[in-house]
Amino acid sequence: MEEIIALVIILVTAFMFAPLGLGGGFLFVPTLYFILGWDLQLSIVCSLILVWFVSIGSRRAHDEGGYTVAGVGRKGRIVAIFGAIIGALAADQIIAEAGESIIKILAIILLILVIYRGIKKLIEEQQNDIHDEDISIQGALLYKYKLGCLAGGLSAGLIGIGGGVIFTMLNRIVLGLGPHKAAGTSYLIVMRVVPVAIVSHLLFNPSLIDEIAKFDTLTLALPLIVLVTAWAGAKTAIHMLPQDVLTYPYLIAVGISLLRYLMDLI
């Protein structure tokens with residue numbers, strides 16, 4: 001029964017979150033860890049694998065709709081990749097030395113920050129008519145953007161969320177991109193960052209490879225199913241939902257993940 005519940009959550013997450021610029025890692029990790037009872041670091045790595053396939057499917061759908069800004073995505077990739085490597089190393093050391101609670105606390109802090117900035121952005125957009133044409137990233141704005149991408153990469157390696165939750169909000173808050181373009185551009189970075197985070201975890205803890213090799217055929221095929229599900233979700237939302245509507249389920253999803261981590265700690 002636990003496997004069926006987990007499968008449903010994973011597929012619904014991929015379908016619903018793909019249009020939001022999210023890989024779903026902040027729900028994948030709790031699903032694998034709390035419902036299936038997997039080790040936390042194994043849950044983080046498998047979450048990253050699922051996030052990668054979500055990003056592939058969703059990026060394809062956003063590309064087809066013209067909702068990616070390639071020039072923006074390229075500016076943040078390198079520092080985000082560096083952050084992913086550092087985050088993976090930190091996760092391995094923190095879990096070994098201090099236990100899993102530190103990772104959960106860091107996840108809670110990150111999610112609270114995202115919710116706060118997301119609500120602040122909504123209020124600003126209700127007061128002002130914000131557009132995303134003629135984006136120019138240079139000087140202090142470029143520095144701020146790269147710093148945010150570094151934080152997104154760190155989160156990918158450290159807590160297995162893929163970084164999309166940060167990259168999307170960064171595109172919205174710092175650059176003023178609309179929800180569809182913010183999501184599509186986020187995936188340009190996630191697709192490069194997540195594989196690096198996965199490989200880093202496997203290099204720092206090779207025993208994870210043996211654990212993944214023990215999975216059955218359906219589990220190993222799940223990422224491909226997730227890819228198709230994410231593509232379908234993003235394609236459906238792009239054609240059927242107004243851009244402004246996407247911000248609300250984004251914040252609700254982050255809130256659900258925050259609540260689950262808080263419940264576990266308490």
# chains A, B, ... in the order shown; residues from 1 in each chain; ligands from 1
$ residues_around --residues "region 205-216 of chain A" --least-positions-apart "2" --cutoff "12 Å" --atoms "only C-alpha atoms" --output "MDAnalysis selection string"
chainID A and resid 38:46 49 88:93 95:96 198:203 218:222
$ write_last_selection --atoms "C-alpha atoms" --output "PDB file, in the first residue's frame"
ATOM      1  CA  TRP A  38      14.187   5.041   2.850  1.00  0.00           C
ATOM      2  CA  ASP A  39      17.476   6.390   4.219  1.00  0.00           C
ATOM      3  CA  LEU A  40      17.583  10.202   3.978  1.00  0.00           C
ATOM      4  CA  GLN A  41      20.609  10.423   1.685  1.00  0.00           C
ATOM      5  CA  LEU A  42      19.182   7.731  -0.614  1.00  0.00           C
ATOM      6  CA  SER A  43      15.915   9.682  -0.652  1.00  0.00           C
ATOM      7  CA  ILE A  44      17.800  12.845  -1.603  1.00  0.00           C
ATOM      8  CA  VAL A  45      19.622  11.171  -4.514  1.00  0.00           C
ATOM      9  CA  CYS A  46      16.495   9.435  -5.860  1.00  0.00           C
ATOM     10  CA  ILE A  49      16.894  11.725 -10.279  1.00  0.00           C
ATOM     11  CA  ALA A  88      26.343  17.378  -1.903  1.00  0.00           C
ATOM     12  CA  LEU A  89      29.611  17.270   0.027  1.00  0.00           C
ATOM     13  CA  ALA A  90      28.041  19.200   2.900  1.00  0.00           C
ATOM     14  CA  ALA A  91      25.028  16.852   3.012  1.00  0.00           C
ATOM     15  CA  ASP A  92      27.283  13.801   3.215  1.00  0.00           C
ATOM     16  CA  GLN A  93      29.312  15.329   6.052  1.00  0.00           C
ATOM     17  CA  ILE A  95      24.366  13.519   7.914  1.00  0.00           C
ATOM     18  CA  ALA A  96      27.444  11.531   9.004  1.00  0.00           C
ATOM     19  CA  ILE A 198      23.559  13.298  -8.334  1.00  0.00           C
ATOM     20  CA  VAL A 199      27.080  12.341  -9.435  1.00  0.00           C
ATOM     21  CA  SER A 200      28.578  14.232  -6.494  1.00  0.00           C
ATOM     22  CA  HIS A 201      26.430  12.311  -3.995  1.00  0.00           C
ATOM     23  CA  LEU A 202      27.363   8.982  -5.600  1.00  0.00           C
ATOM     24  CA  LEU A 203      31.072   9.850  -5.564  1.00  0.00           C
ATOM     25  CA  LEU A 218       9.225  -0.655 -12.162  1.00  0.00           C
ATOM     26  CA  THR A 219      11.200   1.565  -9.819  1.00  0.00           C
ATOM     27  CA  LEU A 220      13.994   1.929 -12.363  1.00  0.00           C
ATOM     28  CA  ALA A 221      11.436   2.797 -15.083  1.00  0.00           C
ATOM     29  CA  LEU A 222       9.693   5.395 -12.910  1.00  0.00           C
TER      30      LEU A 222
END
$ residues_around --residues "Ile10 (chain A)" --least-positions-apart "5" --cutoff "9 Å" --atoms "only C-alpha atoms" --output "PDB file with N, CA and C atoms, in the first residue's frame"
ATOM      1  N   ILE A   5       0.720   4.500  -2.682  1.00  0.00           N
ATOM      2  CA  ILE A   5       0.543   5.886  -2.238  1.00  0.00           C
ATOM      3  C   ILE A   5       1.700   6.753  -2.728  1.00  0.00           C
ATOM      4  N   PHE A  15       3.021  16.040 -12.450  1.00  0.00           N
ATOM      5  CA  PHE A  15       2.017  16.654 -13.336  1.00  0.00           C
ATOM      6  C   PHE A  15       1.667  18.070 -12.898  1.00  0.00           C
ATOM      7  N   GLY A  24       9.729  19.264  -7.982  1.00  0.00           N
ATOM      8  CA  GLY A  24       8.952  18.468  -7.036  1.00  0.00           C
ATOM      9  C   GLY A  24       9.780  17.849  -5.939  1.00  0.00           C
ATOM     10  N   LEU A  27       8.674  17.608  -2.303  1.00  0.00           N
ATOM     11  CA  LEU A  27       7.686  16.588  -1.957  1.00  0.00           C
ATOM     12  C   LEU A  27       8.211  15.179  -2.220  1.00  0.00           C
ATOM     13  N   PHE A  28       9.115  15.043  -3.190  1.00  0.00           N
ATOM     14  CA  PHE A  28       9.694  13.724  -3.455  1.00  0.00           C
ATOM     15  C   PHE A  28      10.485  13.220  -2.249  1.00  0.00           C
ATOM     16  N   THR A  31       8.252  12.077   0.547  1.00  0.00           N
ATOM     17  CA  THR A  31       7.539  10.864   0.129  1.00  0.00           C
ATOM     18  C   THR A  31       8.422   9.633   0.261  1.00  0.00           C
ATOM     19  N   LEU A  50      14.493  11.956  -9.984  1.00  0.00           N
ATOM     20  CA  LEU A  50      13.127  12.266 -10.428  1.00  0.00           C
ATOM     21  C   LEU A  50      13.010  13.724 -10.870  1.00  0.00           C
ATOM     22  N   VAL A 226       7.760   9.577 -15.118  1.00  0.00           N
ATOM     23  CA  VAL A 226       7.703  10.927 -14.565  1.00  0.00           C
ATOM     24  C   VAL A 226       7.970  11.969 -15.658  1.00  0.00           C
TER      25      VAL A 226
END
$ residues_around --residues "Arg59 (chain A)" --least-positions-apart "4" --cutoff "6 Å" --atoms "only C-alpha atoms" --output "ChimeraX atom specification"
/A:55,63,184,187
$ write_last_selection --atoms "C-alpha atoms" --output "PDB file, in the first residue's frame"
ATOM      1  CA  SER A  55      12.895  19.147 -15.681  1.00  0.00           C
ATOM      2  CA  ASP A  63      10.456  25.414 -25.169  1.00  0.00           C
ATOM      3  CA  GLY A 184      10.849  27.585 -18.234  1.00  0.00           C
ATOM      4  CA  TYR A 187      14.526  24.385 -15.901  1.00  0.00           C
TER       5      TYR A 187
END
$ atom_distance --atom1 "CA of Ala151 (chain A)" --atom2 "CA of Ala18 (chain A)"
21.0 Å
$ closest_residue --among "A:Pro19, A:Ala14, A:Gly118, A:Arg172" --to "Met240 (chain A)" --atoms "only C-alpha atoms"
A:Pro19
$ atom_distance --atom1 "CA of Gly57 (chain A)" --atom2 "CA of Pro223 (chain A)"
10.5 Å
$ closest_residue --among "A:Ala6, A:Val190, A:Ile137, A:Leu154" --to "Thr168 (chain A)" --atoms "only C-alpha atoms"
A:Val190
$ closest_residue --among "A:Ile256, A:Met1, A:Leu175, A:Ile159" --to "Ala107 (chain A)" --atoms "only C-alpha atoms"
A:Ile159
$ closest_residue --among "A:Thr229, A:Ser101, A:Ser47, A:Ser257" --to "Leu11 (chain A)" --atoms "only C-alpha atoms"
A:Thr229
$ atom_distance --atom1 "CA of Phe204 (chain A)" --atom2 "CA of Met169 (chain A)"
29.8 Å
$ residues_around --residues "Ala80 (chain A)" --least-positions-apart "5" --cutoff "8 Å" --atoms "only C-alpha atoms" --output "PyMOL selection string"
chain A and resi 146+149-154+189+193
$ write_last_selection --atoms "C-alpha atoms" --output "CSV table (one decimal), in the first residue's frame"
chain,number,residue,atom,x,y,z
A,146,LYS,CA,24.4,34.7,-9.6
A,149,CYS,CA,21.8,30.7,-8.4
A,150,LEU,CA,24.6,29.7,-6.0
A,151,ALA,CA,22.1,29.3,-3.2
A,152,GLY,CA,19.8,27.2,-5.6
A,153,GLY,CA,22.7,24.9,-6.4
A,154,LEU,CA,23.6,24.5,-2.7
A,189,ILE,CA,19.5,25.7,-14.9
A,193,VAL,CA,22.7,21.4,-11.9
$ closest_residue --among "A:Lys235, A:Asp264, A:Val12, A:Ile4" --to "Leu36 (chain A)" --atoms "only C-alpha atoms"
A:Ile4
$ closest_residue --among "A:Ile9, A:Ala234, A:Ile252, A:Ala84" --to "His180 (chain A)" --atoms "only C-alpha atoms"
A:Ala234
$ select_by_dssp --residues "region 2-231 of chain A" --states "helix (DSSP H, G or I)" --output "PyMOL selection string"
chain A and resi 2-20+25-35+40-64+70-97+101-127+139-159+164-173+179-204+207-213+217-231
$ residues_around --residues "Leu113 (chain A)" --least-positions-apart "3" --cutoff "12 Å" --atoms "only C-alpha atoms" --output "list in words"
Leu106, Ala107, Ile108, Ile109, Leu110, Tyr116, Arg117, Gly118, Ile119, Lys120, Val165, Ile166, Met169, Leu170, Leu251, Val254, Gly255 and Leu258 of chain A
$ write_last_selection --atoms "C-alpha atoms" --output "PDB file, in the first residue's frame"
ATOM      1  CA  LEU A 106      17.840  23.878   6.667  1.00  0.00           C
ATOM      2  CA  ALA A 107      14.946  22.772   4.457  1.00  0.00           C
ATOM      3  CA  ILE A 108      12.462  24.500   6.773  1.00  0.00           C
ATOM      4  CA  ILE A 109      14.436  27.755   6.725  1.00  0.00           C
ATOM      5  CA  LEU A 110      14.642  27.684   2.940  1.00  0.00           C
ATOM      6  CA  TYR A 116       7.838  35.036   2.394  1.00  0.00           C
ATOM      7  CA  ARG A 117       9.405  36.293  -0.828  1.00  0.00           C
ATOM      8  CA  GLY A 118       6.617  34.752  -2.922  1.00  0.00           C
ATOM      9  CA  ILE A 119       3.883  36.521  -0.970  1.00  0.00           C
ATOM     10  CA  LYS A 120       5.840  39.762  -1.138  1.00  0.00           C
ATOM     11  CA  VAL A 165      12.020  26.426  -6.003  1.00  0.00           C
ATOM     12  CA  ILE A 166      14.787  29.035  -5.702  1.00  0.00           C
ATOM     13  CA  MET A 169      11.400  32.679  -7.421  1.00  0.00           C
ATOM     14  CA  LEU A 170      14.731  34.292  -8.352  1.00  0.00           C
ATOM     15  CA  LEU A 251       3.046  28.781  -2.751  1.00  0.00           C
ATOM     16  CA  VAL A 254       5.824  24.921  -0.801  1.00  0.00           C
ATOM     17  CA  GLY A 255       3.615  25.367   2.277  1.00  0.00           C
ATOM     18  CA  LEU A 258       7.095  23.065   5.032  1.00  0.00           C
TER      19      LEU A 258
END
